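Below: run-v5.pdb (PDB, C-alpha atoms)
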```
ATOM      1  CA  MET A  54     102.269 -57.557  29.272
ATOM      2  CA  THR A  55     104.245 -54.760  27.687
ATOM      3  CA  ARG A  56     106.547 -56.904  25.506
ATOM      4  CA  LYS A  57     104.178 -56.655  22.556
ATOM      5  CA  GLY A  58     100.594 -55.889  21.778
ATOM      6  CA  LEU A  59      98.298 -53.119  22.897
ATOM      7  CA  PHE A  60     100.232 -52.310  26.048
ATOM      8  CA  HIS A  61     103.674 -52.115  24.472
ATOM      9  CA  GLY A  62     105.502 -48.942  25.394
ATOM     10  CA  ILE A  63     103.788 -48.244  28.713
ATOM     11  CA  LYS A  64     106.416 -47.239  31.277
ATOM     12  CA  TYR A  65     106.743 -45.747  34.706
ATOM     13  CA  LEU A  66     109.259 -42.957  34.269
ATOM     14  CA  ASN A  67     110.136 -39.976  36.470
ATOM     15  CA  GLY A  68     107.262 -40.638  38.844
ATOM     16  CA  ALA A  69     104.593 -40.830  36.149
ATOM     17  CA  VAL A  70     103.028 -43.433  33.904
ATOM     18  CA  GLN A  71     104.000 -42.972  30.270
ATOM     19  CA  ASP A  72     101.068 -44.298  28.230
ATOM     20  CA  PRO A  73     101.755 -43.281  24.617
ATOM     21  CA  ASN A  74      98.616 -44.882  23.163
ATOM     22  CA  GLY A  75      96.241 -44.095  26.037
ATOM     23  CA  GLN A  76      95.575 -47.754  26.862
ATOM     24  CA  VAL A  77      95.647 -47.337  30.636
ATOM     25  CA  SER A  78      93.254 -44.399  30.370
ATOM     26  CA  ALA A  79      90.962 -46.378  28.070
ATOM     27  CA  CYS A  80      90.850 -49.269  30.550
ATOM     28  CA  TRP A  81      90.199 -46.987  33.489
ATOM     29  CA  SER A  82      87.417 -45.142  31.683
ATOM     30  CA  LEU A  83      85.688 -48.488  31.087
ATOM     31  CA  ILE A  84      86.009 -50.053  34.545
ATOM     32  CA  GLY A  85      87.170 -47.307  36.916
ATOM     33  CA  SER A  86      83.888 -46.742  38.722
ATOM     34  CA  ASP A  87      83.162 -50.491  38.835
ATOM     35  CA  ALA A  88      86.642 -51.130  40.242
ATOM     36  CA  ILE A  89      86.228 -48.492  42.946
ATOM     37  CA  ASN A  90      82.818 -49.900  43.903
ATOM     38  CA  LEU A  91      84.191 -53.444  44.115
ATOM     39  CA  LYS A  92      87.236 -52.327  46.147
ATOM     40  CA  ASN A  93      84.902 -50.533  48.579
ATOM     41  CA  TYR A  94      82.690 -53.633  48.777
ATOM     42  CA  LEU A  95      85.729 -55.796  49.575
ATOM     43  CA  LEU A  96      86.877 -53.357  52.256
ATOM     44  CA  GLN A  97      83.456 -53.604  53.925
ATOM     45  CA  GLN A  98      83.638 -57.388  54.250
ATOM     46  CA  ASN A  99      84.496 -58.780  57.664
ATOM     47  CA  VAL A 100      87.657 -60.764  56.885
ATOM     48  CA  SER A 101      90.618 -61.277  59.176
ATOM     49  CA  ASN A 102      93.246 -61.499  56.416
ATOM     50  CA  PRO A 103      92.768 -59.454  53.210
ATOM     51  CA  ASN A 104      95.211 -61.748  51.371
ATOM     52  CA  ARG A 105      92.713 -64.588  51.937
ATOM     53  CA  ILE A 106      89.560 -62.615  51.173
ATOM     54  CA  LEU A 107      88.421 -64.930  48.374
ATOM     55  CA  ALA A 108      88.246 -67.896  50.770
ATOM     56  CA  GLU A 109      86.881 -65.911  53.690
ATOM     57  CA  LEU A 110      83.952 -64.280  51.896
ATOM     58  CA  THR A 111      80.498 -65.714  52.357
ATOM     59  CA  ALA A 112      79.156 -67.717  49.409
ATOM     60  CA  GLN A 113      76.789 -64.857  48.548
ATOM     61  CA  SER A 114      79.615 -62.301  48.634
ATOM     62  CA  ARG A 115      81.864 -64.548  46.514
ATOM     63  CA  SER A 116      79.075 -64.830  43.973
ATOM     64  CA  GLN A 117      78.751 -61.037  43.882
ATOM     65  CA  VAL A 118      82.529 -60.618  43.476
ATOM     66  CA  SER A 119      82.632 -63.169  40.633
ATOM     67  CA  SER A 120      79.765 -61.414  38.890
ATOM     68  CA  ASP A 121      81.404 -57.993  39.255
ATOM     69  CA  LEU A 122      84.720 -59.303  37.905
ATOM     70  CA  TRP A 123      82.932 -60.902  34.922
ATOM     71  CA  ILE A 124      81.224 -57.605  34.094
ATOM     72  CA  MET A 125      84.524 -55.694  34.241
ATOM     73  CA  PHE A 126      86.268 -58.419  32.244
ATOM     74  CA  LYS A 127      83.726 -58.149  29.418
ATOM     75  CA  LYS A 128      84.128 -54.365  29.365
ATOM     76  CA  LEU A 129      87.908 -54.675  29.114
ATOM     77  CA  LEU A 130      87.738 -57.003  26.121
ATOM     78  CA  SER A 131      86.789 -54.124  23.824
ATOM     79  CA  VAL A 132      90.082 -52.375  24.622
ATOM     80  CA  CYS A 133      92.226 -55.516  24.834
ATOM     81  CA  MET A 134      91.180 -57.153  21.548
ATOM     82  CA  SER A 135      93.431 -56.830  18.538
ATOM     83  CA  ASP A 136      93.931 -58.479  15.169
ATOM     84  CA  GLY A 137      95.959 -61.251  16.784
ATOM     85  CA  SER A 138      94.225 -61.580  20.145
ATOM     86  CA  TYR A 139      90.776 -61.927  21.653
ATOM     87  CA  GLY A 140      92.069 -59.919  24.631
ATOM     88  CA  LEU A 141      91.468 -62.612  27.229
ATOM     89  CA  VAL A 142      95.006 -62.667  28.617
ATOM     90  CA  ALA A 143      95.359 -58.890  28.793
ATOM     91  CA  ALA A 144      91.937 -58.410  30.414
ATOM     92  CA  SER A 145      92.677 -61.029  33.079
ATOM     93  CA  LYS A 146      96.069 -59.465  33.811
ATOM     94  CA  ILE A 147      94.559 -56.006  34.150
ATOM     95  CA  LEU A 148      92.047 -57.328  36.673
ATOM     96  CA  PHE A 149      94.854 -59.092  38.561
ATOM     97  CA  ALA A 150      96.815 -55.824  38.674
ATOM     98  CA  VAL A 151      93.825 -54.035  40.197
ATOM     99  CA  PHE A 152      92.579 -56.927  42.359
ATOM    100  CA  PRO A 153      95.493 -59.250  43.241
ATOM    101  CA  GLU A 154      93.468 -60.608  46.159
ATOM    102  CA  ILE A 155      90.574 -61.946  44.023
ATOM    103  CA  ALA A 156      91.468 -61.921  40.304
ATOM    104  CA  LEU A 157      93.473 -64.572  38.468
ATOM    105  CA  PRO A 158      95.845 -63.721  35.587
ATOM    106  CA  ILE A 159      95.295 -66.366  32.919
ATOM    107  CA  ASP A 160      97.575 -67.197  29.994
ATOM    108  CA  ASN A 161      96.506 -68.583  26.608
ATOM    109  CA  VAL A 162      97.245 -72.225  27.442
ATOM    110  CA  GLN A 163      95.176 -71.978  30.637
ATOM    111  CA  TRP A 164      92.245 -70.430  28.740
ATOM    112  CA  LYS A 165      92.280 -73.089  26.028
ATOM    113  CA  HIS A 166      93.313 -76.273  27.789
ATOM    114  CA  LEU A 167      92.864 -75.907  31.539
ATOM    115  CA  PHE A 168      89.755 -73.816  32.159
ATOM    116  CA  LYS A 169      88.123 -74.330  28.730
ATOM    117  CA  THR A 170      85.809 -71.361  29.146
ATOM    118  CA  VAL A 171      85.945 -67.628  28.542
ATOM    119  CA  ASP A 172      83.581 -66.868  31.439
ATOM    120  CA  TYR A 173      85.865 -65.115  33.900
ATOM    121  CA  GLY A 174      83.180 -65.236  36.588
ATOM    122  CA  ASP A 175      83.011 -69.028  36.307
ATOM    123  CA  ILE A 176      86.795 -69.242  36.618
ATOM    124  CA  THR A 177      86.770 -67.039  39.721
ATOM    125  CA  THR A 178      84.058 -69.219  41.249
ATOM    126  CA  LEU A 179      85.934 -72.409  40.338
ATOM    127  CA  MET A 180      89.130 -71.031  41.869
ATOM    128  CA  ALA A 181      87.371 -70.235  45.148
ATOM    129  CA  VAL A 182      85.648 -73.633  45.265
ATOM    130  CA  GLU A 183      88.918 -75.471  44.573
ATOM    131  CA  ILE A 184      90.797 -73.488  47.222
ATOM    132  CA  ILE A 185      88.121 -74.050  49.860
ATOM    133  CA  SER A 186      87.806 -77.743  48.970
ATOM    134  CA  TRP A 187      91.578 -78.257  49.114
ATOM    135  CA  GLU A 188      91.792 -76.492  52.470
ATOM    136  CA  ASN A 189      88.903 -78.508  53.882
ATOM    137  CA  GLN A 190      90.435 -81.791  52.730
ATOM    138  CA  THR A 191      93.966 -81.060  53.950
ATOM    139  CA  GLY A 192      93.198 -78.974  57.014
ATOM    140  CA  LYS A 193      95.805 -76.461  55.840
ATOM    141  CA  GLN A 194      95.461 -73.029  54.340
ATOM    142  CA  LEU A 195      96.759 -72.954  50.778
ATOM    143  CA  ASP A 196      98.642 -69.724  51.322
ATOM    144  CA  SER A 197     100.586 -71.324  54.194
ATOM    145  CA  CYS A 198     102.838 -72.637  51.399
ATOM    146  CA  ASP A 199     104.234 -69.096  51.362
ATOM    147  CA  SER A 200     106.168 -68.711  54.596
ATOM    148  CA  SER A 201     106.719 -64.982  54.042
ATOM    149  CA  GLY A 202     102.998 -64.206  54.100
ATOM    150  CA  ASP A 203     103.509 -61.623  51.374
ATOM    151  CA  PHE A 204     101.456 -63.297  48.660
ATOM    152  CA  THR A 205      97.712 -63.378  48.173
ATOM    153  CA  LEU A 206      95.837 -66.650  48.155
ATOM    154  CA  VAL A 207      95.132 -66.077  44.457
ATOM    155  CA  SER A 208      98.835 -65.709  43.622
ATOM    156  CA  VAL A 209      99.598 -69.028  45.345
ATOM    157  CA  TYR A 210      96.700 -70.629  43.432
ATOM    158  CA  ASN A 211      98.076 -69.126  40.217
ATOM    159  CA  VAL A 212     101.381 -70.947  40.704
ATOM    160  CA  MET A 213      99.443 -74.201  41.058
ATOM    161  CA  ALA A 214      97.316 -73.431  37.981
ATOM    162  CA  MET A 215     100.445 -72.701  35.955
ATOM    163  CA  LYS A 216     101.866 -76.075  37.007
ATOM    164  CA  ALA A 217      98.558 -77.798  36.125
ATOM    165  CA  ARG A 218      98.408 -76.451  32.602
ATOM    166  CA  PRO A 219      99.331 -78.948  29.939
ATOM    167  CA  TYR A 220     102.602 -78.766  28.102
ATOM    168  CA  ILE A 221     101.798 -77.773  24.526
ATOM    169  CA  VAL A 222     104.456 -78.200  21.864
TER     170      VAL A 222
END
```
Would you give me this structure, written as structure tokens?
Amino acid sequence: MTRKGLFHGIKYLNGAVQDPNGQVSACWSLIGSDAINLKNYLLQQNVSNPNRILAELTAQSRSQVSSDLWIMFKKLLSVCMSDGSYGLVAASKILFAVFPEIALPIDNVQWKHLFKTVDYGDITTLMAVEIISWENQTGKQLDSCDSSGDFTLVSVYNVMAMKARPYIV
């Protein structure tokens, strides 16, 4: 995310974040309280494995999580937009950085050709439905593909979504 664009130049150096243009601060000022509230909500849920929280939440809780992510996503767009970008990729990656257990980082090809929507809440809901459906059909947990157990269910799904995206020349 820091190769070019609004977040270029952000570094972690000598134990501190170097943010020359104040982008991290701008993002946090927009979604910080929402992010803390959602993290606290997730911590209150009765799930056995936090890496699988998206699949283990009740339908009502998943709906709430999707709605909260959509609200934060829309807030982030104002900071992530630029002359050459609508900010969709950056906003999704920021949410993934804060919520790797429930938020999906989405690249431009996925936005345009795989998901075909800009509603981040709908994508989060679709991801959960697809994961649960796949697990019900196969009888296996999707994250069991990762033998180390170090990855979240969303990160395993992301690998599959990256493979599913069309090849664009």
List the residues sitting within 10 Å of (94.5, -65.9, 36.4) in the file's frame, using all atoms listed in the file, as an mmCIF file with C-alpha atoms, in the coordinates of the input.
```
data_model
loop_
_atom_site.group_PDB
_atom_site.id
_atom_site.type_symbol
_atom_site.label_atom_id
_atom_site.label_comp_id
_atom_site.auth_asym_id
_atom_site.auth_seq_id
_atom_site.Cartn_x
_atom_site.Cartn_y
_atom_site.Cartn_z
ATOM 1 C CA VAL A 142 95.006 -62.667 28.617
ATOM 2 C CA ALA A 144 91.937 -58.410 30.414
ATOM 3 C CA SER A 145 92.677 -61.029 33.079
ATOM 4 C CA LYS A 146 96.069 -59.465 33.811
ATOM 5 C CA LEU A 148 92.047 -57.328 36.673
ATOM 6 C CA PHE A 149 94.854 -59.092 38.561
ATOM 7 C CA PRO A 153 95.493 -59.250 43.241
ATOM 8 C CA ILE A 155 90.574 -61.946 44.023
ATOM 9 C CA ALA A 156 91.468 -61.921 40.304
ATOM 10 C CA LEU A 157 93.473 -64.572 38.468
ATOM 11 C CA PRO A 158 95.845 -63.721 35.587
ATOM 12 C CA ILE A 159 95.295 -66.366 32.919
ATOM 13 C CA ASP A 160 97.575 -67.197 29.994
ATOM 14 C CA GLN A 163 95.176 -71.978 30.637
ATOM 15 C CA TRP A 164 92.245 -70.430 28.740
ATOM 16 C CA TYR A 173 85.865 -65.115 33.900
ATOM 17 C CA ILE A 176 86.795 -69.242 36.618
ATOM 18 C CA THR A 177 86.770 -67.039 39.721
ATOM 19 C CA MET A 180 89.130 -71.031 41.869
ATOM 20 C CA VAL A 207 95.132 -66.077 44.457
ATOM 21 C CA SER A 208 98.835 -65.709 43.622
ATOM 22 C CA TYR A 210 96.700 -70.629 43.432
ATOM 23 C CA ASN A 211 98.076 -69.126 40.217
ATOM 24 C CA VAL A 212 101.381 -70.947 40.704
ATOM 25 C CA ALA A 214 97.316 -73.431 37.981
ATOM 26 C CA MET A 215 100.445 -72.701 35.955
#
```
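Within 9 Å of the point (84.4, -61.0, 35.0) in file coordinates, and counting only C-alpha atoms, lie the residues Val118, Ser119, Ser120, Asp121, Leu122, Trp123, Ile124, Met125, Phe126, Lys127, Lys128, Ser145, Leu148, Ala156, Asp172, Tyr173, Gly174, Asp175, Ile176 and Thr177 of chain A.
If all atoms listed in the file are the atoms counted, then among A:Val70, A:Ser131, A:His166, A:Gly140 the closest residue to A:Leu83 is A:Ser131.
Of the listed residues A:Asp72, A:Phe152, A:Thr205, A:Gly58, the one whose atoms come nearest to A:Pro103 is A:Thr205, with distances taken using all atoms listed in the file.
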Adding 8 Å on each side of the box along x, y and z that holds all listed atoms of stretch 203-207 of chain A, could you give its centre and edge lengths in Å to one decimal, as JSON?
```
{"center_x": 99.3, "center_y": -64.1, "center_z": 47.9, "size_x": 24.4, "size_y": 21.0, "size_z": 22.9}
```
- Task: Excluding A:Val182 and any residue of its chain fewer than 4 positions from it, enumerate the residues within 12 Å of it, using all atoms listed in the file, and give them as JSON, numbers by chain.
- Result: {"A": [107, 108, 109, 110, 111, 112, 115, 116, 119, 175, 176, 177, 178, 186, 187, 188, 189, 210]}
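Across A:Leu206, A:Ser78, A:Asn93, A:Gly68, the tightest approach to A:Ile185 is made by A:Leu206 when counting only C-alpha atoms.
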- With the file shown as input, list the residues that the PyMOL selection byres ((chain A and resi 60) around 12) selects, as number ranges by chain. A: 54-59, 61-64, 71-80, 132-135, 140, 142-144, 146-147
Write the selection just made, keeping C-alpha atoms, as a short mmCIF file (atom, residue, chain, number, x, y, z; two decimals), keeping the file's coordinate frame?
```
data_model
loop_
_atom_site.label_atom_id
_atom_site.label_comp_id
_atom_site.auth_asym_id
_atom_site.auth_seq_id
_atom_site.Cartn_x
_atom_site.Cartn_y
_atom_site.Cartn_z
CA MET A 54 102.27 -57.56 29.27
CA THR A 55 104.24 -54.76 27.69
CA ARG A 56 106.55 -56.90 25.51
CA LYS A 57 104.18 -56.66 22.56
CA GLY A 58 100.59 -55.89 21.78
CA LEU A 59 98.30 -53.12 22.90
CA HIS A 61 103.67 -52.12 24.47
CA GLY A 62 105.50 -48.94 25.39
CA ILE A 63 103.79 -48.24 28.71
CA LYS A 64 106.42 -47.24 31.28
CA GLN A 71 104.00 -42.97 30.27
CA ASP A 72 101.07 -44.30 28.23
CA PRO A 73 101.76 -43.28 24.62
CA ASN A 74 98.62 -44.88 23.16
CA GLY A 75 96.24 -44.10 26.04
CA GLN A 76 95.58 -47.75 26.86
CA VAL A 77 95.65 -47.34 30.64
CA SER A 78 93.25 -44.40 30.37
CA ALA A 79 90.96 -46.38 28.07
CA CYS A 80 90.85 -49.27 30.55
CA VAL A 132 90.08 -52.38 24.62
CA CYS A 133 92.23 -55.52 24.83
CA MET A 134 91.18 -57.15 21.55
CA SER A 135 93.43 -56.83 18.54
CA GLY A 140 92.07 -59.92 24.63
CA VAL A 142 95.01 -62.67 28.62
CA ALA A 143 95.36 -58.89 28.79
CA ALA A 144 91.94 -58.41 30.41
CA LYS A 146 96.07 -59.46 33.81
CA ILE A 147 94.56 -56.01 34.15
#
```
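The coordinates place atom CA of A:Trp81 at 9.1 Å from atom CA of A:Leu129.
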- Item | Distance in Å - atom CA of A:Glu154 versus atom CA of A:Phe204 | 8.8 Å
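We find atom CA of A:Asp196 and atom CA of A:Ala181 to be spaced 12.9 Å apart.
Counting only C-alpha atoms and comparing A:Val100, A:Leu141, A:Ser86, A:Leu91, the residue that lies closest to A:Asn161 is A:Leu141.
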Kindly add N, CA and C atoms to the incomplete stretch 174-189 of chain A and provide the output as a compact mmCIF listing (two decimals), keeping the file's coordinate frame.
```txt
# COMPACT_ATOMS: atom_id res chain seq x y z
N GLY A 174 83.91 -65.03 35.33
CA GLY A 174 83.18 -65.24 36.59
C GLY A 174 83.17 -66.70 36.99
N ASP A 175 82.98 -67.59 36.02
CA ASP A 175 83.01 -69.03 36.31
C ASP A 175 84.39 -69.45 36.80
N ILE A 176 85.43 -68.89 36.20
CA ILE A 176 86.80 -69.24 36.62
C ILE A 176 87.06 -68.76 38.04
N THR A 177 86.60 -67.56 38.36
CA THR A 177 86.77 -67.04 39.72
C THR A 177 86.04 -67.92 40.72
N THR A 178 84.83 -68.33 40.37
CA THR A 178 84.06 -69.22 41.25
C THR A 178 84.76 -70.56 41.41
N LEU A 179 85.22 -71.13 40.29
CA LEU A 179 85.93 -72.41 40.34
C LEU A 179 87.18 -72.30 41.22
N MET A 180 87.92 -71.23 41.06
CA MET A 180 89.13 -71.03 41.87
C MET A 180 88.78 -71.03 43.36
N ALA A 181 87.77 -70.30 43.74
CA ALA A 181 87.37 -70.24 45.15
C ALA A 181 86.93 -71.60 45.66
N VAL A 182 86.13 -72.30 44.87
CA VAL A 182 85.65 -73.63 45.26
C VAL A 182 86.82 -74.60 45.43
N GLU A 183 87.76 -74.58 44.49
CA GLU A 183 88.92 -75.47 44.57
C GLU A 183 89.78 -75.16 45.79
N ILE A 184 90.00 -73.88 46.06
CA ILE A 184 90.80 -73.49 47.22
C ILE A 184 90.13 -73.96 48.51
N ILE A 185 88.85 -73.68 48.65
CA ILE A 185 88.12 -74.05 49.86
C ILE A 185 88.07 -75.56 50.02
N SER A 186 87.84 -76.28 48.92
CA SER A 186 87.81 -77.74 48.97
C SER A 186 89.17 -78.30 49.38
N TRP A 187 90.23 -77.79 48.78
CA TRP A 187 91.58 -78.26 49.11
C TRP A 187 91.87 -78.01 50.59
N GLU A 188 91.52 -76.82 51.07
CA GLU A 188 91.79 -76.49 52.47
C GLU A 188 90.97 -77.36 53.41
N ASN A 189 89.73 -77.64 53.05
CA ASN A 189 88.90 -78.51 53.88
C ASN A 189 89.44 -79.94 53.93
```
